[in-house]
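Below is entry02.cif, which holds mmCIF, C-alpha atoms.
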```cif
data_model
#
loop_
_atom_site.label_atom_id
_atom_site.label_comp_id
_atom_site.auth_asym_id
_atom_site.auth_seq_id
_atom_site.Cartn_x
_atom_site.Cartn_y
_atom_site.Cartn_z
CA MET H 64 -48.89 -44.59 -21.59
CA ALA H 65 -45.88 -46.50 -20.42
CA LYS H 66 -42.54 -44.90 -21.14
CA THR H 67 -40.31 -46.72 -23.56
CA ASP H 68 -36.96 -45.93 -25.11
CA ALA H 69 -38.85 -44.66 -28.14
CA ASN H 70 -41.03 -42.08 -26.38
CA LYS H 71 -38.59 -40.91 -23.72
CA SER H 72 -37.64 -37.25 -23.96
CA LYS H 73 -34.50 -36.67 -25.98
CA THR H 74 -33.62 -33.53 -23.97
CA LYS H 75 -30.27 -33.84 -22.28
CA LYS H 76 -29.87 -32.55 -18.78
CA ILE H 77 -27.09 -30.04 -18.38
CA LYS H 78 -24.88 -30.98 -15.50
CA THR H 79 -23.81 -28.00 -13.45
CA PRO H 80 -20.68 -28.28 -11.36
CA SER H 81 -21.24 -28.48 -7.62
CA GLU H 82 -19.52 -26.12 -5.21
CA PRO H 83 -16.00 -27.37 -4.52
CA LYS H 84 -15.41 -28.74 -1.05
CA THR H 85 -11.63 -28.45 -1.11
CA VAL H 86 -9.15 -26.01 -2.55
CA ALA H 87 -7.69 -28.78 -4.73
CA GLU H 88 -11.14 -29.50 -6.19
CA ALA H 89 -11.67 -25.80 -6.80
CA LYS H 90 -8.40 -25.56 -8.69
CA THR H 91 -9.62 -28.32 -11.02
CA LEU H 92 -13.13 -26.96 -11.51
CA GLU H 93 -12.06 -23.38 -12.11
CA LYS H 94 -10.34 -24.42 -15.33
CA ALA H 95 -13.72 -25.29 -16.85
CA PRO H 96 -15.21 -22.71 -19.28
CA ASP H 97 -17.53 -20.14 -17.67
CA TYR H 98 -16.83 -21.43 -14.18
CA TRP H 99 -16.51 -18.76 -11.48
CA GLN H 100 -12.85 -18.25 -10.73
CA LEU H 101 -12.28 -18.92 -7.04
CA THR H 102 -9.74 -16.57 -5.46
CA ASP H 103 -7.72 -17.03 -2.31
CA ASP H 104 -9.59 -14.10 -0.78
CA GLU H 105 -12.93 -15.81 -1.49
CA VAL H 106 -11.75 -19.10 0.01
CA LEU H 107 -10.61 -17.29 3.13
CA LEU H 108 -13.65 -15.05 3.55
CA ARG H 109 -16.50 -17.44 2.78
CA SER H 110 -18.50 -18.73 5.75
CA PRO H 111 -17.97 -22.38 6.77
CA GLU H 112 -20.66 -24.86 5.75
CA PRO H 113 -22.06 -27.40 8.27
CA GLU H 114 -20.78 -30.28 6.14
CA ASP H 115 -17.39 -28.67 5.55
CA GLU H 116 -14.76 -31.35 6.13
CA TYR H 117 -11.94 -28.83 6.25
CA LYS H 118 -12.99 -26.51 9.07
CA THR H 119 -9.41 -26.29 10.30
CA SER H 120 -8.05 -25.21 6.88
CA ASP H 121 -8.50 -21.52 7.72
CA SER H 122 -6.08 -21.92 10.60
CA TRP H 123 -3.45 -23.42 8.32
CA ARG H 124 -4.10 -20.72 5.71
CA VAL H 125 -2.70 -18.23 8.22
CA PHE H 126 0.77 -19.49 7.30
CA ARG H 127 0.27 -18.52 3.66
CA ILE H 128 -0.93 -15.08 4.76
CA MET H 129 2.06 -14.80 7.08
CA GLY H 130 4.33 -15.70 4.17
CA GLU H 131 2.87 -12.89 2.06
CA PHE H 132 3.46 -10.39 4.85
CA VAL H 133 7.04 -11.57 5.41
CA GLY H 134 7.80 -11.53 1.67
CA GLY H 135 6.33 -8.06 1.26
CA PHE H 136 8.20 -6.66 4.26
CA ASP H 137 11.48 -8.12 3.00
CA ASP H 138 11.04 -6.89 -0.57
CA LEU H 139 10.03 -3.37 0.43
CA ALA H 140 12.37 -2.88 3.39
CA THR H 141 14.50 -0.36 1.47
CA ILE H 142 11.52 1.86 0.56
CA THR H 143 11.74 4.82 2.96
CA ARG H 144 10.27 7.68 0.90
CA GLY H 145 7.47 5.94 -0.96
CA VAL H 146 4.52 7.72 -2.54
CA THR H 147 1.68 5.53 -3.76
CA ILE H 148 -0.30 6.63 -6.80
CA PHE H 149 -3.76 5.15 -7.34
CA GLY H 150 -6.17 5.42 -10.24
CA SER H 151 -8.14 3.54 -12.84
CA ALA H 152 -6.65 0.59 -14.70
CA ARG H 153 -8.89 1.62 -17.63
CA THR H 154 -7.21 4.97 -18.33
CA ASP H 155 -5.71 4.82 -21.82
CA GLU H 156 -2.32 6.08 -22.90
CA GLY H 157 -2.68 9.41 -24.67
CA THR H 158 -5.33 10.75 -22.28
CA GLU H 159 -4.84 13.83 -20.13
CA MET H 160 -4.90 11.87 -16.88
CA TYR H 161 -2.36 9.31 -18.11
CA ALA H 162 0.02 12.14 -19.02
CA ALA H 163 -0.58 13.89 -15.67
CA ALA H 164 0.12 10.73 -13.66
CA ARG H 165 3.27 10.08 -15.66
CA GLU H 166 4.52 13.63 -15.12
CA THR H 167 3.63 13.65 -11.42
CA ALA H 168 5.50 10.41 -10.80
CA LYS H 169 8.52 11.65 -12.77
CA LEU H 170 8.70 14.86 -10.71
CA LEU H 171 8.33 12.95 -7.44
CA ALA H 172 11.00 10.44 -8.43
CA GLU H 173 13.41 13.22 -9.38
CA SER H 174 12.73 14.76 -5.96
CA GLY H 175 13.92 11.61 -4.19
CA PHE H 176 10.67 9.69 -3.70
CA GLU H 177 10.07 6.05 -4.62
CA ILE H 178 6.92 5.48 -6.65
CA ILE H 179 4.55 2.67 -5.67
CA THR H 180 1.48 1.53 -7.62
CA GLY H 181 -0.80 -1.49 -7.93
CA GLY H 182 1.41 -2.63 -10.80
CA GLY H 183 -1.31 -2.86 -13.46
CA PRO H 184 -2.26 -0.84 -16.56
CA GLY H 185 -3.81 2.63 -16.85
CA ILE H 186 -2.87 5.19 -14.19
CA MET H 187 -0.68 2.59 -12.49
CA GLU H 188 1.31 2.09 -15.67
CA ALA H 189 1.61 5.84 -16.20
CA ALA H 190 2.99 6.39 -12.70
CA ASN H 191 5.46 3.52 -12.92
CA ARG H 192 6.48 4.76 -16.33
CA GLY H 193 7.24 8.26 -15.07
CA ALA H 194 9.51 6.93 -12.33
CA PHE H 195 11.11 4.39 -14.64
CA GLU H 196 11.90 7.03 -17.27
CA ALA H 197 13.48 9.17 -14.55
CA GLY H 198 15.79 6.26 -13.78
CA LYS H 199 14.44 5.93 -10.23
CA VAL H 200 12.71 3.30 -8.08
CA SER H 201 9.40 2.14 -9.57
CA VAL H 202 7.49 -0.43 -7.48
CA GLY H 203 4.46 -2.44 -8.57
CA CYS H 204 2.38 -4.40 -6.05
CA ASN H 205 0.25 -6.55 -8.32
CA ILE H 206 -2.80 -8.54 -7.17
CA GLU H 207 -3.89 -11.94 -8.48
CA LEU H 208 -7.43 -11.64 -9.88
CA PRO H 209 -9.92 -14.06 -11.52
CA PHE H 210 -9.31 -12.11 -14.73
CA GLU H 211 -5.62 -11.73 -15.37
CA GLN H 212 -4.03 -8.39 -14.54
CA SER H 213 -0.66 -8.30 -16.26
CA PRO H 214 2.08 -6.29 -14.56
CA ASN H 215 3.09 -3.24 -16.57
CA PRO H 216 6.67 -3.22 -17.94
CA TYR H 217 7.84 -0.05 -16.14
CA GLN H 218 8.81 -1.56 -12.79
CA THR H 219 12.20 -1.87 -11.16
CA LYS H 220 10.66 -3.94 -8.36
CA SER H 221 7.60 -6.12 -8.93
CA LEU H 222 5.64 -7.97 -6.24
CA SER H 223 2.57 -10.19 -6.50
CA PHE H 224 -0.06 -10.72 -3.80
CA LYS H 225 -2.94 -13.16 -3.40
CA TYR H 226 -4.72 -11.21 -0.66
CA PHE H 227 -6.02 -7.65 -1.03
CA PHE H 228 -5.63 -6.86 2.66
CA VAL H 229 -1.94 -7.83 2.62
CA ARG H 230 -1.29 -5.61 -0.38
CA LYS H 231 -3.19 -2.71 1.21
CA THR H 232 -0.99 -3.03 4.29
CA MET H 233 2.09 -2.64 2.07
CA PHE H 234 0.67 0.51 0.48
CA ILE H 235 0.00 2.11 3.86
CA LYS H 236 3.20 0.97 5.56
CA TYR H 237 5.63 2.10 2.86
CA SER H 238 3.91 5.33 1.77
CA ASN H 239 4.63 8.86 2.92
CA ALA H 240 1.72 10.15 0.83
CA TYR H 241 -1.12 9.03 -1.43
CA ILE H 242 -2.07 10.62 -4.74
CA ILE H 243 -5.52 9.56 -5.92
CA PHE H 244 -6.25 9.96 -9.62
CA PRO H 245 -9.72 9.30 -11.09
CA GLY H 246 -10.66 5.66 -10.64
CA GLY H 247 -13.34 3.20 -9.65
CA PHE H 248 -14.26 1.10 -6.62
CA GLY H 249 -10.69 0.01 -5.90
CA THR H 250 -9.44 3.58 -5.96
CA MET H 251 -12.25 4.70 -3.65
CA ASP H 252 -11.45 1.83 -1.30
CA GLU H 253 -7.82 2.93 -0.95
CA LEU H 254 -8.82 6.59 -0.53
CA PHE H 255 -11.31 6.04 2.28
CA GLU H 256 -9.17 3.46 4.06
CA ALA H 257 -6.37 6.04 4.30
CA LEU H 258 -8.74 8.79 5.46
CA THR H 259 -10.26 6.48 8.08
CA LEU H 260 -6.86 5.44 9.45
CA ILE H 261 -5.75 9.07 9.66
CA GLN H 262 -9.03 10.25 11.19
CA THR H 263 -8.93 7.55 13.86
CA ARG H 264 -5.20 8.17 14.45
CA LYS H 265 -4.25 4.63 13.60
CA ILE H 266 -1.56 6.17 11.37
CA ARG H 267 0.06 9.59 11.37
CA ASN H 268 -1.50 12.29 9.23
CA PHE H 269 0.15 11.99 5.84
CA PRO H 270 -0.72 13.87 2.62
CA VAL H 271 -3.75 12.62 0.68
CA VAL H 272 -3.97 14.35 -2.69
CA LEU H 273 -6.98 14.11 -5.01
CA PHE H 274 -5.97 14.82 -8.58
CA GLY H 275 -8.64 16.06 -11.00
CA SER H 276 -11.08 18.60 -9.55
CA GLN H 277 -13.77 17.98 -12.15
CA TYR H 278 -13.82 14.26 -11.42
CA TRP H 279 -13.90 14.62 -7.63
CA ARG H 280 -16.17 17.69 -7.39
CA GLY H 281 -19.40 15.72 -6.97
CA LEU H 282 -17.99 13.48 -4.26
CA LEU H 283 -16.55 16.41 -2.33
CA ALA H 284 -19.82 18.32 -2.58
CA TRP H 285 -21.65 15.30 -1.15
CA LEU H 286 -19.15 14.95 1.70
CA THR H 287 -19.79 18.59 2.59
CA SER H 288 -23.55 18.76 2.08
CA MET H 289 -24.42 15.37 3.56
CA MET H 290 -21.69 13.87 5.77
CA LEU H 291 -20.62 17.17 7.31
CA ASN H 292 -24.13 18.63 7.43
CA GLU H 293 -25.44 15.51 9.20
CA GLY H 294 -22.62 15.71 11.74
CA ASN H 295 -21.09 12.39 10.70
CA ILE H 296 -17.67 13.99 10.18
CA ASN H 297 -16.02 17.10 11.60
CA PRO H 298 -15.01 20.16 9.55
CA GLU H 299 -11.32 19.39 10.13
CA ASP H 300 -11.80 15.93 8.56
CA LEU H 301 -12.28 17.61 5.18
CA GLY H 302 -8.94 19.32 5.72
CA LEU H 303 -7.24 15.95 5.32
CA ILE H 304 -7.76 16.22 1.54
CA HIS H 305 -5.71 18.35 -0.85
CA LEU H 306 -7.35 18.87 -4.26
CA THR H 307 -5.33 19.85 -7.31
CA ASP H 308 -5.12 19.74 -11.11
CA SER H 309 -1.39 20.38 -11.29
CA PRO H 310 1.45 17.83 -11.12
CA ASN H 311 3.76 20.56 -9.84
CA ASP H 312 1.35 21.55 -7.08
CA ALA H 313 0.85 17.93 -6.00
CA VAL H 314 4.59 17.39 -5.79
CA ASP H 315 5.26 20.70 -4.03
CA PHE H 316 2.56 19.95 -1.46
CA ILE H 317 3.99 16.49 -0.72
CA ILE H 318 7.56 17.80 -0.47
CA LYS H 319 6.53 20.59 1.89
CA THR H 320 4.33 18.36 4.05
CA CYS H 321 6.84 15.52 4.28
CA THR H 322 9.60 17.99 5.16
CA THR H 323 7.76 19.99 7.81
CA GLY H 324 5.47 17.26 9.10
CA ALA H 325 1.80 16.90 8.21
CA PRO H 326 -0.20 19.79 9.71
CA LYS H 327 -3.56 19.19 11.35
CA HIS H 328 -5.13 21.40 8.69
CA PRO H 329 -3.02 21.02 5.52
CA THR H 330 -2.28 24.19 3.58
CA GLY H 331 -1.02 24.59 0.05
CA SER H 332 -1.61 26.30 -3.26
CA GLY H 333 -4.23 23.73 -4.18
CA THR H 334 -7.70 23.48 -2.67
CA GLU H 335 -8.22 22.28 0.90
CA LEU H 336 -11.71 21.03 1.69
#
```

Would you write out, as structure tokens, the structure that this file holds?
Amino acid sequence: MAKTDANKSKTKKIKTPSEPKTVAEAKTLEKAPDYWQLTDDEVLLRSPEPEDEYKTSDSWRVFRIMGEFVGGFDDLATITRGVTIFGSARTDEGTEMYAAARETAKLLAESGFEIITGGGPGIMEAANRGAFEAGKVSVGCNIELPFEQSPNPYQTKSLSFKYFFVRKTMFIKYSNAYIIFPGGFGTMDELFEALTLIQTRKIRNFPVVLFGSQYWRGLLAWLTSMMLNEGNINPEDLGLIHLTDSPNDAVDFIIKTCTTGAPKHPTGSGTEL
């Protein structure tokens, strides 16, 4: 039967947006409902397509990256005794870990350290809050995400980065120690990057404190039973980690280590693994 206007299907085809070919086009498309939010990291890290008309754009993007580095170095140049505190953005106020992070940061700030965080909510907010309430330096290095991460209000110095790797450089460069509270993938990323840089001697051995023995127990058991048992790490590599449940112990360990210099096998009143 021949198709006529009367018997044609009434079903409308849903038009799906094509992949943007330029950053300008992406900026327009990403405003549409349910459209994947394209980040600067994604634009930089995606592989070129054969029909890509902007193959040289990555070279020019280097200048934006350079600008982020220069801006970060300028803004943080006065931070000489920084301690970065990591942990979940999903930790609510009123929880035990929020209170512990707040107290730890307060004690560190009162001991002359500048507190640095990722600038967001949860553990980051608690740490910035502790330093802020002590009347000391409280730095937030926020990251631009597809879903908005609002900077917490307890910062005396607030920075914003488009690229994760630039922000991670700032954490490492301006930190004398890391304190890792319970968190997710991002927290694990920062933890193992620091351990890798120390292990490979790309940076000096600085204190890495895991806070919350119950949370980290399973991971540490796996590191011992699998990584160490298989010979993929050395026994002294586990000595890079200081485990504690006490804000006072975490602060005392950092003060002692930063004063005397980080030992090859850290010692302290907490647990060394």

Picked residues, the PyMOL selection byres ((chain H and resi 317) around 9), as a list in words: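 Output of the PyMOL selection byres ((chain H and resi 317) around 9): Val146, Leu171, Asn239, Ala240, Phe269, Pro270, Val271, Val272, Asp312, Ala313, Val314, Asp315, Phe316, Ile318, Lys319, Thr320, Cys321 and Thr322 of chain H.
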
Separation of CA of Glu253 (chain H) from CA of Pro310 (chain H) in Å: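 Interatomic distance, CA of Pro310 (chain H) to CA of Glu253 (chain H): 20.3 Å.
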
Proximity to Ser223 (chain H) - best of H:Pro245, H:Gly185, H:Gly203, H:Gly175, all atoms listed in the file: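 Using all atoms listed in the file, Ser223 (chain H) sits closest to H:Gly203.
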
One-decimal distance in Å that lies between CA of Thr180 (chain H) and CA of Phe195 (chain H): 12.3 Å

Nearest to Arg127 (chain H), chosen from H:Lys265, H:Val229, H:Ala162, H:Met289, with all atoms listed in the file counted in the distances: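 Of the candidates, the smallest distance to Arg127 (chain H) is held by H:Val229.
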
Around all listed atoms of region 221-237 of chain H, padded 3 Å per side, what centre and edge lengths does the axis-aligned box have in Å to one decimal, as AutoDock Vina command-line options?
```
--center_x 0.8 --center_y -5.5 --center_z -1.7 --size_x 19.6 --size_y 21.3 --size_z 20.5
```

Spatial neighbours of Gly247 (chain H), 8 Å, all atoms listed in the file, chain gap at least 3 places, as a PyMOL selection string: chain H and resi 150-151+250-251

Excluding same-chain residues fewer than 4 positions from Ile242 (chain H), what lies within 7 Å of it counting all atoms listed in the file, as a CSV table (one decimal) with C-alpha atoms, keeping the file's coordinate frame?
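Below you can see result_12.csv, which holds the result:
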```csv
chain,number,residue,atom,x,y,z
H,147,THR,CA,1.7,5.5,-3.8
H,148,ILE,CA,-0.3,6.6,-6.8
H,149,PHE,CA,-3.8,5.2,-7.3
H,271,VAL,CA,-3.8,12.6,0.7
H,272,VAL,CA,-4.0,14.4,-2.7
H,273,LEU,CA,-7.0,14.1,-5.0
H,274,PHE,CA,-6.0,14.8,-8.6
```

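Between Ser213 (chain H) and the candidates H:Gly181, H:Tyr241, H:Leu291, H:Thr232, the tightest atom-to-atom separation, counting only C-alpha atoms, involves H:Gly181.
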
Best match for closeness to Phe227 (chain H) among H:Leu286, H:Leu260, H:Ile128, H:Ile304, counting all atoms listed in the file: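 With all atoms listed in the file as the atom set, the closest residue is H:Ile128.
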
The PyMOL selection byres ((chain H and resi 225) around 9) applied to the shown file, residues as a short mmCIF file (atom, residue, chain, number, x, y, z; two decimals) with C-alpha atoms, keeping the file's coordinate frame:
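Output file expr.cif is given in full below:
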```cif
data_model
loop_
_atom_site.label_atom_id
_atom_site.label_comp_id
_atom_site.auth_asym_id
_atom_site.auth_seq_id
_atom_site.Cartn_x
_atom_site.Cartn_y
_atom_site.Cartn_z
CA THR H 102 -9.74 -16.57 -5.46
CA ASP H 103 -7.72 -17.03 -2.31
CA ASP H 104 -9.59 -14.10 -0.78
CA ILE H 128 -0.93 -15.08 4.76
CA GLU H 131 2.87 -12.89 2.06
CA ASN H 205 0.25 -6.55 -8.32
CA ILE H 206 -2.80 -8.54 -7.17
CA GLU H 207 -3.89 -11.94 -8.48
CA LEU H 208 -7.43 -11.64 -9.88
CA SER H 223 2.57 -10.19 -6.50
CA PHE H 224 -0.06 -10.72 -3.80
CA TYR H 226 -4.72 -11.21 -0.66
CA PHE H 227 -6.02 -7.65 -1.03
CA VAL H 229 -1.94 -7.83 2.62
CA ARG H 230 -1.29 -5.61 -0.38
#
```

Evaluate the PyMOL selection byres ((chain H and resi 187) around 12) and report residues as a VMD selection string: chain H and resid 147 to 156 160 to 165 167 to 168 178 to 186 188 to 194 201 to 205 212 to 218 242 to 246 250

Å distance separating CA of Gly134 (chain H) from CA of Glu173 (chain H), one decimal place: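 About the pair CA of Gly134 (chain H) and CA of Glu173 (chain H): they are 27.7 Å apart.
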
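Nearest residue to Ser238 (chain H) among H:Thr287, H:Ser122, H:Gln277, H:Asn268 is H:Asn268, counting all atoms listed in the file.
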
Nearest residue to Leu139 (chain H) from the set H:Ala197, H:Ile266, H:Ala172, H:Leu222 (distances using all atoms listed in the file): H:Leu222

Is it possible to produce a file of region 214-239 of chain H from this structure, with N, CA and C atoms, as an mmCIF file, in the first residue's frame?
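part.cif, freshly written:
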```cif
data_model
loop_
_atom_site.group_PDB
_atom_site.id
_atom_site.type_symbol
_atom_site.label_atom_id
_atom_site.label_comp_id
_atom_site.auth_asym_id
_atom_site.auth_seq_id
_atom_site.Cartn_x
_atom_site.Cartn_y
_atom_site.Cartn_z
ATOM 1 N N PRO H 214 31.971 26.276 47.210
ATOM 2 C CA PRO H 214 32.996 26.444 48.235
ATOM 3 C C PRO H 214 32.355 26.632 49.609
ATOM 4 N N ASN H 215 32.927 26.008 50.628
ATOM 5 C CA ASN H 215 32.396 26.200 51.973
ATOM 6 C C ASN H 215 32.757 27.603 52.476
ATOM 7 N N PRO H 216 32.032 28.128 53.461
ATOM 8 C CA PRO H 216 32.213 29.525 53.876
ATOM 9 C C PRO H 216 33.347 29.756 54.875
ATOM 10 N N TYR H 217 34.141 28.736 55.183
ATOM 11 C CA TYR H 217 35.151 28.864 56.237
ATOM 12 C C TYR H 217 36.559 28.977 55.654
ATOM 13 N N GLN H 218 36.732 29.827 54.666
ATOM 14 C CA GLN H 218 38.015 29.965 53.993
ATOM 15 C C GLN H 218 38.517 31.403 54.076
ATOM 16 N N THR H 219 39.772 31.558 54.403
ATOM 17 C CA THR H 219 40.393 32.881 54.346
ATOM 18 C C THR H 219 41.057 33.109 52.995
ATOM 19 N N LYS H 220 41.289 32.024 52.266
ATOM 20 C CA LYS H 220 41.851 32.101 50.910
ATOM 21 C C LYS H 220 41.190 31.015 50.072
ATOM 22 N N SER H 221 40.514 31.429 49.000
ATOM 23 C CA SER H 221 39.767 30.480 48.182
ATOM 24 C C SER H 221 40.250 30.530 46.740
ATOM 25 N N LEU H 222 40.611 29.353 46.199
ATOM 26 C CA LEU H 222 41.067 29.241 44.818
ATOM 27 C C LEU H 222 40.120 28.309 44.062
ATOM 28 N N SER H 223 40.085 28.462 42.744
ATOM 29 C CA SER H 223 39.254 27.591 41.918
ATOM 30 C C SER H 223 40.082 27.094 40.734
ATOM 31 N N PHE H 224 39.991 25.774 40.477
ATOM 32 C CA PHE H 224 40.771 25.160 39.405
ATOM 33 C C PHE H 224 39.856 24.434 38.429
ATOM 34 N N LYS H 225 40.258 24.436 37.155
ATOM 35 C CA LYS H 225 39.545 23.687 36.130
ATOM 36 C C LYS H 225 40.117 22.275 35.990
ATOM 37 N N TYR H 226 41.410 22.129 36.249
ATOM 38 C CA TYR H 226 42.093 20.866 36.001
ATOM 39 C C TYR H 226 42.493 20.184 37.307
ATOM 40 N N PHE H 227 42.132 18.908 37.437
ATOM 41 C CA PHE H 227 42.466 18.148 38.632
ATOM 42 C C PHE H 227 43.978 18.085 38.850
ATOM 43 N N PHE H 228 44.734 17.856 37.776
ATOM 44 C CA PHE H 228 46.165 17.651 37.957
ATOM 45 C C PHE H 228 46.873 18.921 38.411
ATOM 46 N N VAL H 229 46.336 20.096 38.051
ATOM 47 C CA VAL H 229 46.914 21.344 38.544
ATOM 48 C C VAL H 229 46.639 21.478 40.043
ATOM 49 N N ARG H 230 45.415 21.201 40.429
ATOM 50 C CA ARG H 230 45.061 21.295 41.853
ATOM 51 C C ARG H 230 45.873 20.309 42.687
ATOM 52 N N LYS H 231 46.059 19.093 42.182
ATOM 53 C CA LYS H 231 46.826 18.089 42.918
ATOM 54 C C LYS H 231 48.279 18.524 43.099
ATOM 55 N N THR H 232 48.809 19.229 42.105
ATOM 56 C CA THR H 232 50.170 19.764 42.244
ATOM 57 C C THR H 232 50.236 20.765 43.388
ATOM 58 N N MET H 233 49.202 21.602 43.520
ATOM 59 C CA MET H 233 49.177 22.589 44.608
ATOM 60 C C MET H 233 49.144 21.907 45.969
ATOM 61 N N PHE H 234 48.343 20.844 46.092
ATOM 62 C CA PHE H 234 48.282 20.111 47.353
ATOM 63 C C PHE H 234 49.663 19.585 47.745
ATOM 64 N N ILE H 235 50.328 18.941 46.797
ATOM 65 C CA ILE H 235 51.636 18.348 47.080
ATOM 66 C C ILE H 235 52.688 19.424 47.359
ATOM 67 N N LYS H 236 52.722 20.442 46.542
ATOM 68 C CA LYS H 236 53.769 21.462 46.637
ATOM 69 C C LYS H 236 53.703 22.233 47.956
ATOM 70 N N TYR H 237 52.504 22.552 48.417
ATOM 71 C CA TYR H 237 52.373 23.436 49.574
ATOM 72 C C TYR H 237 52.027 22.699 50.862
ATOM 73 N N SER H 238 52.178 21.383 50.873
ATOM 74 C CA SER H 238 51.866 20.594 52.070
ATOM 75 C C SER H 238 53.138 20.066 52.722
ATOM 76 N N ASN H 239 53.156 20.113 54.040
ATOM 77 C CA ASN H 239 54.197 19.465 54.831
ATOM 78 C C ASN H 239 53.714 18.111 55.339
#
```
